[in-house]
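Participant: File model-v8.txt below, compact mmCIF, C-alpha atoms:
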# COMPACT_ATOMS: atom_id res chain seq x y z
CA MET T 551 34.79 17.76 -7.05
CA ILE T 552 35.82 16.79 -3.50
CA GLN T 553 34.21 18.88 -0.80
CA SER T 554 36.28 19.54 2.32
CA SER T 555 34.20 19.71 5.48
CA GLY T 556 37.00 21.56 7.32
CA ASP T 557 37.22 19.13 10.21
CA THR T 558 38.44 15.60 10.79
CA ILE T 559 36.18 12.89 12.19
CA ALA T 560 37.00 9.62 13.93
CA ALA T 561 35.06 6.62 15.21
CA ILE T 562 35.46 3.06 16.41
CA ALA T 563 34.14 1.41 13.25
CA SER T 564 34.02 -2.18 14.52
CA GLY T 565 31.22 -3.65 16.62
CA ALA T 566 30.83 -3.17 20.36
CA GLY T 567 32.26 -5.70 22.80
CA ARG T 568 35.30 -7.97 22.73
CA ALA T 569 36.67 -9.19 19.39
CA GLY T 570 39.89 -10.36 17.78
CA ILE T 571 40.24 -7.17 15.73
CA GLY T 572 38.96 -3.66 16.24
CA VAL T 573 39.08 -0.71 13.84
CA VAL T 574 39.43 3.01 14.46
CA ARG T 575 38.63 5.04 11.34
CA VAL T 576 39.65 8.66 10.69
CA SER T 577 38.61 10.91 7.79
CA GLY T 578 39.64 14.46 7.03
CA SER T 579 42.59 16.72 6.38
CA LEU T 580 44.31 15.84 9.67
CA ALA T 581 44.44 12.11 8.90
CA PRO T 582 48.04 12.13 7.51
CA GLU T 583 49.35 14.12 10.49
CA ILE T 584 47.52 11.83 12.93
CA ALA T 585 49.07 8.86 11.15
CA ARG T 586 52.53 10.42 11.51
CA GLN T 587 52.15 10.88 15.26
CA VAL T 588 50.28 7.68 16.12
CA CYS T 589 52.20 5.20 13.96
CA SER T 590 55.74 4.11 14.80
CA GLU T 591 56.84 4.15 11.13
CA PRO T 592 55.92 6.36 8.14
CA LEU T 593 53.00 5.10 6.08
CA GLN T 594 52.88 4.69 2.31
CA PRO T 595 49.45 5.42 0.80
CA ARG T 596 47.34 2.30 0.17
CA VAL T 597 50.00 0.00 1.65
CA ALA T 598 49.15 -1.99 4.78
CA SER T 599 51.94 -2.03 7.33
CA TYR T 600 52.41 -3.52 10.78
CA GLN T 601 52.83 -0.72 13.31
CA ALA T 602 52.97 0.14 16.97
CA PHE T 603 50.28 2.70 17.87
CA LEU T 604 51.88 5.32 20.11
CA ASP T 605 50.61 7.54 22.90
CA ALA T 606 51.73 11.16 23.48
CA GLN T 607 54.91 10.04 25.28
CA GLY T 608 55.88 7.56 22.57
CA GLY T 609 54.71 4.53 24.54
CA SER T 610 52.87 1.71 22.80
CA LEU T 611 49.06 1.63 23.07
CA ASP T 612 48.70 -1.42 20.83
CA GLU T 613 50.14 -3.07 17.73
CA GLY T 614 48.31 -3.75 14.49
CA ILE T 615 47.79 -2.83 10.85
CA ALA T 616 47.68 0.79 9.64
CA LEU T 617 46.36 1.98 6.28
CA LEU T 618 46.42 5.48 4.83
CA PHE T 619 44.26 6.48 1.85
CA VAL T 620 44.99 9.85 0.25
CA SER T 621 42.20 12.02 -1.20
CA PRO T 622 40.40 11.48 -3.51
CA ASN T 623 41.15 7.76 -3.54
CA SER T 624 39.26 6.73 -0.42
CA PHE T 625 35.78 5.75 0.69
CA THR T 626 34.87 9.28 1.77
CA GLY T 627 36.94 11.04 -0.91
CA GLU T 628 39.01 12.65 1.88
CA ASP T 629 42.27 11.54 3.48
CA VAL T 630 41.39 8.43 5.47
CA LEU T 631 43.36 6.54 8.14
CA GLU T 632 42.41 3.08 9.43
CA LEU T 633 44.04 1.63 12.52
CA GLN T 634 43.29 -2.08 12.94
CA GLY T 635 44.26 -3.20 16.41
CA HIS T 636 43.05 -5.71 18.97
CA GLY T 637 39.34 -5.67 19.59
CA GLY T 638 39.18 -5.05 23.32
CA PRO T 639 36.97 -2.10 24.29
CA VAL T 640 39.63 -0.52 26.53
CA VAL T 641 42.36 -0.79 23.89
CA LEU T 642 40.14 0.72 21.19
CA ASP T 643 39.07 3.51 23.52
CA MET T 644 42.72 4.40 24.24
CA ILE T 645 43.50 4.59 20.50
CA MET T 646 40.37 6.63 19.91
CA GLN T 647 41.24 9.07 22.70
CA ARG T 648 44.73 9.51 21.23
CA VAL T 649 43.23 10.34 17.82
CA LEU T 650 40.89 12.87 19.42
CA GLU T 651 43.82 14.47 21.26
CA LEU T 652 45.43 15.08 17.87
CA GLY T 653 42.52 17.16 16.59
CA ALA T 654 39.82 14.82 15.35
CA ARG T 655 36.27 14.91 16.69
CA PRO T 656 33.86 11.99 17.25
CA ALA T 657 31.89 11.18 14.09
CA LYS T 658 28.11 11.32 14.08
CA PRO T 659 26.13 8.26 12.97
CA GLY T 660 26.51 7.76 9.23
CA GLU T 661 28.89 10.70 8.80
CA PHE T 662 31.52 8.71 6.88
CA SER T 663 28.90 7.57 4.35
CA GLU T 664 27.42 11.07 4.23
CA ARG T 665 30.82 12.50 3.29
CA ALA T 666 31.21 9.81 0.63
CA PHE T 667 27.83 10.86 -0.79
CA LEU T 668 28.64 14.57 -0.68
CA ASN T 669 31.94 13.90 -2.45
CA ASP T 670 30.23 11.89 -5.22
CA LYS T 671 31.91 8.65 -4.22
CA LEU T 672 28.48 7.01 -4.14
CA ASP T 673 24.89 8.14 -4.59
CA LEU T 674 22.18 8.16 -1.95
CA ALA T 675 20.69 4.78 -2.87
CA GLN T 676 24.15 3.19 -2.62
CA ALA T 677 24.78 4.85 0.74
CA GLU T 678 21.49 3.55 2.13
CA ALA T 679 22.36 0.07 0.85
CA ILE T 680 25.43 0.06 3.10
CA SER T 681 23.17 0.40 6.14
CA ASP T 682 20.78 -2.21 4.71
CA LEU T 683 23.65 -4.67 4.24
CA ILE T 684 24.76 -4.25 7.85
CA ASP T 685 21.17 -4.75 9.07
CA SER T 686 20.38 -7.68 6.73
CA SER T 687 18.50 -10.48 8.47
CA SER T 688 18.73 -13.06 5.67
CA VAL T 689 21.05 -14.14 2.86
CA ALA T 690 18.56 -12.95 0.23
CA ALA T 691 18.29 -9.51 1.87
CA ALA T 692 22.10 -9.25 2.04
CA GLN T 693 22.44 -10.16 -1.64
CA ALA T 694 19.84 -7.54 -2.55
CA ALA T 695 21.69 -4.92 -0.49
CA VAL T 696 24.99 -5.78 -2.22
CA ARG T 697 23.35 -5.24 -5.61
CA SER T 698 22.14 -1.81 -4.55
CA MET T 699 25.47 -0.95 -2.94
CA SER T 700 27.32 -1.83 -6.14
CA GLY T 701 25.07 0.56 -8.06
CA GLU T 702 22.68 -1.82 -9.85
CA PHE T 703 19.57 -0.05 -8.57
CA SER T 704 21.05 3.37 -9.38
CA THR T 705 22.03 2.22 -12.88
CA GLN T 706 18.49 1.10 -13.68
CA VAL T 707 17.12 4.40 -12.36
CA GLN T 708 19.64 6.23 -14.54
CA LEU T 709 18.59 4.26 -17.64
CA ILE T 710 15.00 5.34 -17.12
CA GLN T 711 16.23 8.89 -16.54
CA GLU T 712 17.91 8.80 -19.95
CA GLU T 713 14.71 7.51 -21.57
CA LEU T 714 12.78 10.35 -19.95
CA ILE T 715 15.31 12.88 -21.21
CA ALA T 716 15.15 11.49 -24.74
CA LEU T 717 11.35 11.63 -24.69
CA ARG T 718 11.45 15.20 -23.36
CA VAL T 719 13.88 16.23 -26.12
CA TRP T 720 11.56 14.76 -28.76
CA LEU T 721 8.56 16.47 -27.23
CA GLU T 722 10.33 19.83 -26.92
CA ALA T 723 11.27 19.57 -30.60
CA ALA T 724 7.63 18.95 -31.46
CA LEU T 725 6.62 22.06 -29.52
CA ASP T 726 9.36 24.15 -31.16
CA PHE T 727 8.23 23.11 -34.66
CA SER T 728 4.51 23.19 -33.91
CA GLU T 729 3.93 25.67 -36.74
CA GLU T 730 5.59 23.41 -39.31
CA GLU T 731 3.84 20.74 -41.34
CA ILE T 732 5.83 17.97 -39.63
CA ASP T 733 3.73 16.29 -36.92
CA PHE T 734 6.31 14.93 -34.51
CA LEU T 735 3.63 13.74 -32.06
CA ALA T 736 2.13 11.41 -34.67
CA GLU T 737 5.38 9.52 -35.20
CA PRO T 738 4.94 5.79 -34.35
CA ALA T 739 8.45 5.74 -32.89
CA LEU T 740 7.43 8.29 -30.27
CA HIS T 741 4.57 6.13 -29.00
CA ALA T 742 6.73 3.02 -29.09
CA ARG T 743 9.31 4.80 -26.96
CA ALA T 744 6.63 5.99 -24.55
CA ASN T 745 5.19 2.50 -24.13
CA LYS T 746 8.66 1.03 -23.55
CA LEU T 747 9.27 3.65 -20.88
CA ARG T 748 6.08 2.68 -19.06
CA ALA T 749 7.04 -1.02 -19.25
CA ASP T 750 10.50 -0.27 -17.90
CA PHE T 751 8.93 1.59 -14.98
CA ASP T 752 6.73 -1.41 -14.18
CA GLU T 753 9.71 -3.79 -14.23
CA LEU T 754 11.83 -1.54 -12.02
CA LEU T 755 8.99 -0.99 -9.56
CA ALA T 756 8.34 -4.75 -9.30
CA LYS T 757 11.99 -5.39 -8.39
CA ALA T 758 12.01 -2.52 -5.90
CA GLU T 759 8.81 -3.76 -4.22
CA GLN T 760 10.31 -7.22 -3.82
CA GLY T 761 13.50 -5.73 -2.41
CA GLN T 762 11.53 -3.64 0.06
CA ARG T 763 9.72 -6.78 1.25
CA LEU T 764 13.06 -8.50 1.86
CA ARG T 765 14.24 -5.51 3.87
CA ASP T 766 11.12 -4.66 5.89
CA GLY T 767 9.12 -7.88 5.73
CA LEU T 768 5.46 -8.40 4.88
CA THR T 769 2.25 -7.63 6.73
CA ILE T 770 0.10 -10.75 6.44
CA VAL T 771 -3.54 -10.54 7.53
CA ILE T 772 -5.43 -13.74 8.34
CA ALA T 773 -9.11 -13.46 7.40
CA GLY T 774 -12.08 -15.81 7.39
CA VAL T 775 -15.48 -16.54 8.86
CA THR T 776 -15.83 -17.30 12.56
CA ASN T 777 -14.27 -20.57 13.74
CA ALA T 778 -12.22 -21.00 10.55
CA GLY T 779 -9.12 -21.42 12.72
CA LYS T 780 -7.52 -18.00 12.28
CA SER T 781 -6.29 -17.72 15.86
CA SER T 782 -4.96 -21.28 15.77
CA LEU T 783 -3.00 -20.38 12.64
CA LEU T 784 -1.58 -17.27 14.31
CA ASN T 785 -0.43 -19.40 17.26
CA ALA T 786 1.05 -22.04 14.95
CA LEU T 787 3.06 -19.47 12.98
CA ALA T 788 4.18 -17.58 16.08
CA GLY T 789 5.05 -20.72 18.01
CA VAL T 790 3.26 -19.39 21.12
CA ASP T 791 -0.34 -19.20 22.29
CA SER T 792 -0.85 -15.51 21.57
CA ALA T 793 -4.53 -15.77 20.69
CA ILE T 794 -7.33 -17.36 22.69
CA VAL T 795 -8.73 -20.40 20.87
CA THR T 796 -12.20 -21.80 21.68
CA ASP T 797 -15.08 -23.45 19.84
CA ILE T 798 -17.26 -20.41 20.61
CA GLU T 799 -17.92 -18.26 17.55
CA GLY T 800 -16.68 -14.67 17.71
CA THR T 801 -13.95 -15.29 20.30
CA THR T 802 -11.56 -12.92 18.51
CA ARG T 803 -13.10 -9.45 18.53
CA ASP T 804 -10.06 -7.25 18.08
CA VAL T 805 -6.91 -7.23 16.01
CA LEU T 806 -4.03 -9.38 17.32
CA ARG T 807 -0.49 -8.92 16.01
CA GLU T 808 2.63 -11.04 16.15
CA GLN T 809 5.99 -10.33 14.54
CA ILE T 810 7.78 -13.52 13.55
CA THR T 811 10.99 -14.28 11.70
CA ILE T 812 11.31 -17.14 9.22
CA GLU T 813 14.85 -17.76 7.98
CA GLY T 814 15.75 -14.19 8.82
CA VAL T 815 12.79 -12.60 7.02
CA PRO T 816 10.51 -10.48 9.26
CA LEU T 817 6.80 -11.14 8.88
CA HIS T 818 4.04 -9.19 10.63
CA ILE T 819 1.09 -11.55 11.17
CA VAL T 820 -2.31 -10.05 11.98
CA ASP T 821 -5.25 -12.10 13.30
CA THR T 822 -8.69 -10.56 12.82
CA ALA T 823 -12.28 -11.01 13.92
CA GLY T 824 -14.41 -13.54 12.06
CA LEU T 825 -16.37 -12.08 9.15
CA ARG T 826 -20.12 -12.62 9.48
CA ASN T 827 -23.40 -10.75 9.86
CA THR T 828 -23.99 -9.92 13.50
CA ASP T 829 -26.05 -7.57 15.68
CA ASP T 830 -23.34 -7.47 18.35
CA VAL T 831 -21.98 -3.89 18.37
CA VAL T 832 -18.57 -4.93 19.72
CA GLU T 833 -18.22 -7.70 17.13
CA GLN T 834 -19.27 -5.29 14.38
CA GLU T 835 -16.42 -2.98 15.38
CA GLY T 836 -14.03 -5.94 15.30
CA ILE T 837 -15.16 -6.78 11.77
CA ARG T 838 -14.73 -3.16 10.70
CA ARG T 839 -11.18 -3.21 12.06
CA ALA T 840 -10.54 -6.52 10.31
CA ARG T 841 -11.47 -5.05 6.93
CA GLU T 842 -9.38 -1.96 7.70
CA GLN T 843 -6.35 -4.18 8.35
CA MET T 844 -6.93 -6.15 5.15
CA GLN T 845 -7.11 -2.93 3.16
CA SER T 846 -3.56 -2.00 4.22
CA ALA T 847 -2.08 -5.53 4.11
CA ASP T 848 0.67 -6.72 1.80
CA HIS T 849 -1.16 -10.05 1.52
CA VAL T 850 -4.36 -11.59 2.90
CA LEU T 851 -4.58 -15.26 3.84
CA VAL T 852 -8.24 -16.25 3.48
CA LEU T 853 -8.88 -19.25 5.71
CA VAL T 854 -11.62 -21.74 4.81
CA ASP T 855 -12.82 -24.49 7.19
CA ALA T 856 -12.61 -27.82 5.32
CA SER T 857 -15.44 -29.27 7.44
CA ASP T 858 -17.74 -26.27 6.88
CA PRO T 859 -16.41 -24.48 3.78
CA VAL T 860 -17.56 -20.86 3.50
CA LEU T 861 -15.69 -18.13 1.66
CA PRO T 862 -16.15 -14.80 3.47
CA ALA T 863 -17.07 -11.52 1.82
CA LEU T 864 -13.84 -9.54 2.24
CA GLU T 865 -15.19 -6.22 0.89
CA ILE T 866 -11.70 -4.88 0.10
CA ASP T 867 -10.08 -3.52 -3.05
CA SER T 868 -9.59 -6.12 -5.74
CA GLU T 869 -5.89 -5.31 -6.13
CA ILE T 870 -5.10 -6.44 -2.56
CA PRO T 871 -3.34 -9.80 -3.11
CA ARG T 872 -4.92 -12.78 -1.36
CA THR T 873 -4.50 -16.54 -1.08
CA VAL T 874 -7.10 -19.10 -0.05
CA ILE T 875 -5.88 -21.65 2.51
CA VAL T 876 -8.02 -24.65 3.49
CA ASN T 877 -7.72 -25.33 7.23
CA LYS T 878 -8.76 -28.26 9.46
CA SER T 879 -7.57 -30.85 6.95
CA ASP T 880 -7.60 -33.37 9.81
CA LYS T 881 -11.41 -33.07 10.10
CA VAL T 882 -12.27 -34.47 6.63
CA ASP T 883 -11.19 -37.35 4.44
CA ALA T 884 -8.82 -36.95 1.49
CA SER T 885 -11.50 -36.82 -1.22
CA GLN T 886 -13.51 -34.14 0.58
CA LEU T 887 -10.36 -32.13 1.24
CA ALA T 888 -9.41 -32.28 -2.43
CA SER T 889 -12.92 -31.22 -3.43
CA VAL T 890 -12.91 -28.19 -1.12
CA ALA T 891 -9.41 -27.19 -2.27
CA GLN T 892 -10.48 -27.39 -5.90
CA GLN T 893 -13.72 -25.50 -5.27
CA PHE T 894 -11.95 -22.51 -3.75
CA GLU T 895 -8.74 -22.77 -5.81
CA ALA T 896 -6.80 -23.07 -2.58
CA ALA T 897 -3.01 -22.81 -2.62
CA LEU T 898 -2.47 -25.03 0.44
CA GLN T 899 -4.27 -27.39 2.80
CA ILE T 900 -3.28 -27.26 6.45
CA SER T 901 -4.31 -28.18 9.96
CA ALA T 902 -3.25 -25.28 12.15
CA LYS T 903 -4.22 -27.16 15.32
CA GLN T 904 -2.23 -30.29 14.42
CA GLY T 905 0.64 -28.41 12.75
CA GLU T 906 0.12 -30.13 9.39
CA GLY T 907 1.22 -28.08 6.36
CA ILE T 908 2.65 -25.26 8.49
CA LYS T 909 6.18 -25.70 7.09
CA GLU T 910 4.79 -25.55 3.55
CA LEU T 911 2.87 -22.40 4.49
CA GLN T 912 6.03 -20.83 5.93
CA SER T 913 7.85 -21.54 2.67
CA TYR T 914 4.97 -19.98 0.77
CA LEU T 915 5.14 -16.84 2.93
CA LEU T 916 8.89 -16.63 2.30
CA SER T 917 8.28 -16.77 -1.44
CA LEU T 918 5.80 -13.89 -1.11
CA ALA T 919 8.55 -11.89 0.61
CA GLY T 920 10.95 -12.53 -2.27
CA HIS T 921 13.14 -14.89 -0.26
CA ASP T 922 13.74 -17.18 -3.23
CA SER T 923 17.47 -16.78 -3.93
CA ALA T 924 16.89 -17.89 -7.53
CA VAL T 925 15.12 -14.60 -8.26
CA GLU T 926 17.62 -12.47 -10.18
CA GLY T 927 18.05 -8.71 -10.16
CA VAL T 928 16.26 -7.94 -6.89
CA PHE T 929 17.90 -5.07 -5.03
CA SER T 930 17.40 -3.51 -1.63
CA ALA T 931 14.85 -0.70 -1.64
CA ARG T 932 13.14 1.45 0.94
CA ARG T 933 9.65 2.86 1.26
CA ARG T 934 10.82 6.28 0.06
CA HIS T 935 12.27 4.67 -3.10
CA LEU T 936 8.92 3.05 -3.87
CA ASP T 937 7.07 6.31 -3.27
CA ALA T 938 9.41 8.17 -5.63
CA LEU T 939 9.11 5.46 -8.31
CA MET T 940 5.32 5.43 -8.10
CA LYS T 941 5.18 9.24 -8.35
CA ALA T 942 7.49 9.13 -11.37
CA ARG T 943 5.48 6.38 -13.03
CA GLU T 944 2.20 8.22 -12.43
CA SER T 945 3.59 11.44 -13.94
CA THR T 946 4.96 9.50 -16.90
CA SER T 947 1.65 7.71 -17.47
CA GLN T 948 -0.22 11.02 -17.49
CA ALA T 949 2.27 12.44 -19.98
CA ILE T 950 1.92 9.40 -22.26
CA GLU T 951 -1.88 9.63 -22.17
CA ARG T 952 -1.68 13.27 -23.23
CA LEU T 953 0.69 12.37 -26.07
CA GLN T 954 -1.45 9.48 -27.28
CA ASN T 955 -4.56 11.67 -27.25
CA SER T 956 -2.72 14.73 -28.61
CA GLN T 957 -3.95 16.75 -25.64
CA MET T 958 -1.90 19.74 -24.45
CA PRO T 959 1.64 18.47 -25.14
CA GLU T 960 2.99 21.38 -23.07
CA LEU T 961 1.53 19.74 -19.96
CA ALA T 962 2.97 16.39 -21.05
CA ALA T 963 6.42 17.99 -21.08
CA GLU T 964 5.85 19.26 -17.54
CA GLU T 965 4.71 15.80 -16.37
CA LEU T 966 7.92 14.29 -17.74
CA ARG T 967 9.95 16.92 -15.90
CA LEU T 968 8.17 16.03 -12.64
CA ALA T 969 8.85 12.35 -13.26
CA GLN T 970 12.54 13.05 -13.69
CA GLN T 971 12.53 15.14 -10.51
CA SER T 972 10.97 12.25 -8.55
CA LEU T 973 13.69 9.87 -9.77
CA ASP T 974 16.33 12.40 -8.69
CA GLU T 975 15.13 11.91 -5.11
CA ILE T 976 16.21 8.26 -5.20
CA THR T 977 19.85 8.91 -6.04
CA GLY T 978 20.06 12.20 -4.15
CA ARG T 979 20.28 14.83 -6.88
CA PHE T 980 18.53 17.46 -4.77
CA ASP T 981 19.27 19.81 -1.89
CA SER T 982 17.12 18.52 0.97
CA ASP T 983 19.42 18.75 4.00
CA ASP T 984 16.59 17.70 6.29
CA LEU T 985 16.04 14.44 4.39
CA LEU T 986 19.77 13.71 4.25
CA GLY T 987 20.03 14.23 8.00
CA ARG T 988 17.21 11.79 8.71
CA ILE T 989 18.68 9.13 6.40
CA PHE T 990 22.27 9.18 7.65
CA SER T 991 21.33 9.51 11.33
CA SER T 992 20.03 5.92 11.22
CA PHE T 993 23.47 4.56 10.20
CA CYS T 994 26.03 2.94 12.49
CA ILE T 995 28.71 5.18 13.97
CA GLY T 996 31.88 4.67 11.95
CA LYS T 997 29.98 4.12 8.68
Translate the structure described by the file into structure tokens.

Facilitator:
Amino acid sequence: MIQSSGDTIAAIASGAGRAGIGVVRVSGSLAPEIARQVCSEPLQPRVASYQAFLDAQGGSLDEGIALLFVSPNSFTGEDVLELQGHGGPVVLDMIMQRVLELGARPAKPGEFSERAFLNDKLDLAQAEAISDLIDSSSVAAAQAAVRSMSGEFSTQVQLIQEELIALRVWLEAALDFSEEEIDFLAEPALHARANKLRADFDELLAKAEQGQRLRDGLTIVIAGVTNAGKSSLLNALAGVDSAIVTDIEGTTRDVLREQITIEGVPLHIVDTAGLRNTDDVVEQEGIRRAREQMQSADHVLVLVDASDPVLPALEIDSEIPRTVIVNKSDKVDASQLASVAQQFEAALQISAKQGEGIKELQSYLLSLAGHDSAVEGVFSARRRHLDALMKARESTSQAIERLQNSQMPELAAEELRLAQQSLDEITGRFDSDDLLGRIFSSFCIGK
């Protein structure tokens, strides 16, 4: 059902500055009347026509293409008018002022997409993907955003929703017939369905995590013993001398950060203090901060000096992903380098100071961020999507454990309900006006 907001909004929907074409977009019940007064000729719905755009005295403001979309067949679900004129700021401002004179008001950021969401023209994940597509910094990120915008992410969430509902129906039937001799909870098909549901959650979460990396980038922490070349690697990746590099052990005592972009993918590189036993209080604090950074990293690059190979004690959770990189390849011969690489199962051998292997390392970092365009099915996702998926998976896992152990199936039913509620947050099937306001306020005006 289309919801009428009661007012008509307008915005310059094209980018700021000079351009060949500029667009003024109008949405609301006044759009047809505005079209009648602004356009020199009557408009047919969904038919582009060349028009003069008129001021209050009938003079021409500009000439261009006009399009009228009648509710509910429009982006917002309301009557929508698009005036495509020349892209000069002054010209667009004159057209915009004329539209405002006729009763429209300036749109707030994201208000067009918000109306489309409220009118069920797209769900919340699709609406967010529009903003992600506009802000895409790489081809892979743009492709992922298009998949989400077209509803692929939402469809996969819906499929899991349907599995949850089916499992809840089965479980509710078991509770309803608990006094009968039929033991629904012992059915092999029930446990097979539960295990498939958990596997589907894992697959969806993996795709969403990769999509979130494409959108937001990765936090990469460089770790290693003192003088392993961590600061040199930071400088090599950043392309500037951000960190002080000396032969003195313990030069880096605090956390150093650089944000870099490789082929449009943002990467947050963190250099840390060398890991070793020391009585120096300041250095001890640096090491504590280093381990704190590693604990919250997306990936840890563990640097090993080829000429003095020592693997540091990271003392972080085992699930934190890490890769061993052998540095200072220019300091040893080929056979020694190969031996060290094999000993530590290193992914790459580089010389940060000489720049050797840095391009290969950059490609490796891109692959960690999901930049490989050959990866299929990755869609744009945000941190809130991941949080909701992880909450839903956790509730589902707890429910499955109760079912498999035949422990309090009533609580299992409640866990499944909570899982379904968490998934509803992704597509927007809830009434949190505060959350909606925060999401759409980050959009471009005119979208």

Participant: What is the CA of Gly609 in chain T-CA of Leu650 in chain T distance in Å, reported with one decimal?

Facilitator: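 Taking CA of Gly609 in chain T as the start and CA of Leu650 in chain T as the end point, the length is 16.9 Å.
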
Participant: Measuring atom to atom with all atoms listed in the file, identify which of T:Leu580, T:Ala896, T:His818, T:Ile772 is nearest to Leu851 in chain T.

Facilitator: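 Checking each of T:Leu580, T:Ala896, T:His818, T:Ile772 against Leu851 in chain T, counting all atoms listed in the file, the winner is T:Ile772.
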
Participant: From the list T:Gln892, T:Gln948, T:Ser901, T:Asp858, which residue is nearest Ser879 in chain T when using only C-alpha atoms?

Facilitator: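 When distances to Ser879 in chain T are compared using only C-alpha atoms, the smallest one comes from T:Ser901.
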
Participant: Report, in Å to a single decimal, how far apart CA of Ala691 in chain T and CA of Lys746 in chain T are.

Facilitator: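 A separation of 29.2 Å between them.
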
Participant: Do a neighbour search on Ala581 in chain T at 10 Å with all atoms listed in the file, toss out local chain neighbours closer than 6 positions, and write the hits as a list in words.

Facilitator: Thr558, Ile559, Ala560, Arg575, Leu618, Phe619, Val620, Glu628, Asp629, Val630, Leu631, Glu632, Val649, Leu652, Gly653 and Ala654 of chain T

Participant: Using all atoms listed in the file, pick whichever of T:Ser610, T:Ser590, T:Thr946, T:Thr811 has the shortest atom-to-atom distance to Ala788 in chain T.

Facilitator: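 Comparing T:Ser610, T:Ser590, T:Thr946, T:Thr811 against Ala788 in chain T, the winner is T:Thr811.
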
Participant: With all atoms listed in the file as the counted atoms, please give the residues lying no more than 10 Å from Ile645 in chain T, apart from itself and same-chain residues fewer than 5 positions off, as a PyMOL selection string.

Facilitator: chain T and resi 562+573-574+588+603-605+611-612+633+635+640+650-651

Participant: So that I can see what lies close to Ala598 in chain T, please list as a ChimeraX atom specification the residues with an atom at most 8 Å from it, counting only C-alpha atoms and leaving out residues fewer than 5 positions away in the same chain.

Facilitator: /T:615-618

Participant: Please list as an NGL selection string every residue within 10 Å of Val815 in chain T, counting only C-alpha atoms and excluding residues in the same chain fewer than 3 positions away.

Facilitator: :T and (686-691 or 763-768 or 810-812 or 915-916 or 919-921)

Participant: Provide the CA of Ala749 in chain T to CA of Arg697 in chain T distance in Å, to one decimal place.

Facilitator: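 A separation of 21.7 Å between them.
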
Participant: So, counting all atoms listed in the file, which residue among T:Glu713, T:Glu906, T:Asp670, T:Glu722 is closest to Ala744 in chain T?

Facilitator: T:Glu713

Participant: For Ser663 in chain T, which of T:Phe625, T:Ala695, T:Asp883, T:Glu965 is the closest residue, counting all atoms listed in the file?

Facilitator: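 Closest residue, counting all atoms listed in the file: T:Phe625.
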
Participant: Report as a Markdown table the residues of range 661-730 of chain T within 9 Å of range 929-932 of chain T, each with its shortest atom pair and distance in Å (one decimal), using all atoms listed in the file, ordered by chain and increasing residue number.

Facilitator:
| residue | atom | partner | partner_atom | distance |
| --- | --- | --- | --- | --- |
| T:Ala675 | CA | T:Ala931 | CA | 8.1 |
| T:Glu678 | CA | T:Arg932 | CA | 8.7 |
| T:Ala679 | CA | T:Ser930 | CA | 6.6 |
| T:Asp682 | CA | T:Ser930 | CA | 7.3 |
| T:Leu683 | CA | T:Ser930 | CA | 8.7 |
| T:Ala691 | CA | T:Ser930 | CA | 7.0 |
| T:Ala692 | CA | T:Ser930 | CA | 8.3 |
| T:Gln693 | CA | T:Phe929 | CA | 7.6 |
| T:Ala694 | CA | T:Phe929 | CA | 4.0 |
| T:Ala695 | CA | T:Ser930 | CA | 4.7 |
| T:Val696 | CA | T:Phe929 | CA | 7.7 |
| T:Arg697 | CA | T:Phe929 | CA | 5.5 |
| T:Ser698 | CA | T:Phe929 | CA | 5.4 |
| T:Met699 | CA | T:Ser930 | CA | 8.6 |
| T:Glu702 | CA | T:Phe929 | CA | 7.5 |
| T:Phe703 | CA | T:Phe929 | CA | 6.4 |

Participant: Just need range 838-846 of chain T in a file, please: N, CA and C atoms, as a PDB file, in the first residue's frame.

Facilitator:
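Output saved as part_2.pdb:
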ATOM      1  N   ARG T 838      52.010  -3.672  24.638  1.00  0.00           N
ATOM      2  CA  ARG T 838      50.624  -3.927  25.048  1.00  0.00           C
ATOM      3  C   ARG T 838      49.651  -3.367  24.007  1.00  0.00           C
ATOM      4  N   ARG T 839      49.935  -2.160  23.534  1.00  0.00           N
ATOM      5  CA  ARG T 839      49.075  -1.543  22.523  1.00  0.00           C
ATOM      6  C   ARG T 839      49.141  -2.312  21.203  1.00  0.00           C
ATOM      7  N   ALA T 840      50.317  -2.851  20.898  1.00  0.00           N
ATOM      8  CA  ALA T 840      50.460  -3.643  19.671  1.00  0.00           C
ATOM      9  C   ALA T 840      49.544  -4.861  19.711  1.00  0.00           C
ATOM     10  N   ARG T 841      49.539  -5.568  20.827  1.00  0.00           N
ATOM     11  CA  ARG T 841      48.694  -6.758  20.957  1.00  0.00           C
ATOM     12  C   ARG T 841      47.210  -6.375  20.977  1.00  0.00           C
ATOM     13  N   GLU T 842      46.904  -5.212  21.526  1.00  0.00           N
ATOM     14  CA  GLU T 842      45.525  -4.732  21.522  1.00  0.00           C
ATOM     15  C   GLU T 842      45.057  -4.464  20.096  1.00  0.00           C
ATOM     16  N   GLN T 843      45.928  -3.870  19.272  1.00  0.00           N
ATOM     17  CA  GLN T 843      45.591  -3.607  17.876  1.00  0.00           C
ATOM     18  C   GLN T 843      45.412  -4.909  17.094  1.00  0.00           C
ATOM     19  N   MET T 844      46.282  -5.880  17.344  1.00  0.00           N
ATOM     20  CA  MET T 844      46.175  -7.164  16.654  1.00  0.00           C
ATOM     21  C   MET T 844      44.870  -7.865  16.993  1.00  0.00           C
ATOM     22  N   GLN T 845      44.433  -7.713  18.231  1.00  0.00           N
ATOM     23  CA  GLN T 845      43.226  -8.390  18.683  1.00  0.00           C
ATOM     24  C   GLN T 845      41.986  -7.895  17.935  1.00  0.00           C
ATOM     25  N   SER T 846      42.020  -6.640  17.476  1.00  0.00           N
ATOM     26  CA  SER T 846      40.865  -6.075  16.779  1.00  0.00           C
ATOM     27  C   SER T 846      41.087  -5.957  15.276  1.00  0.00           C
TER      28      SER T 846
END
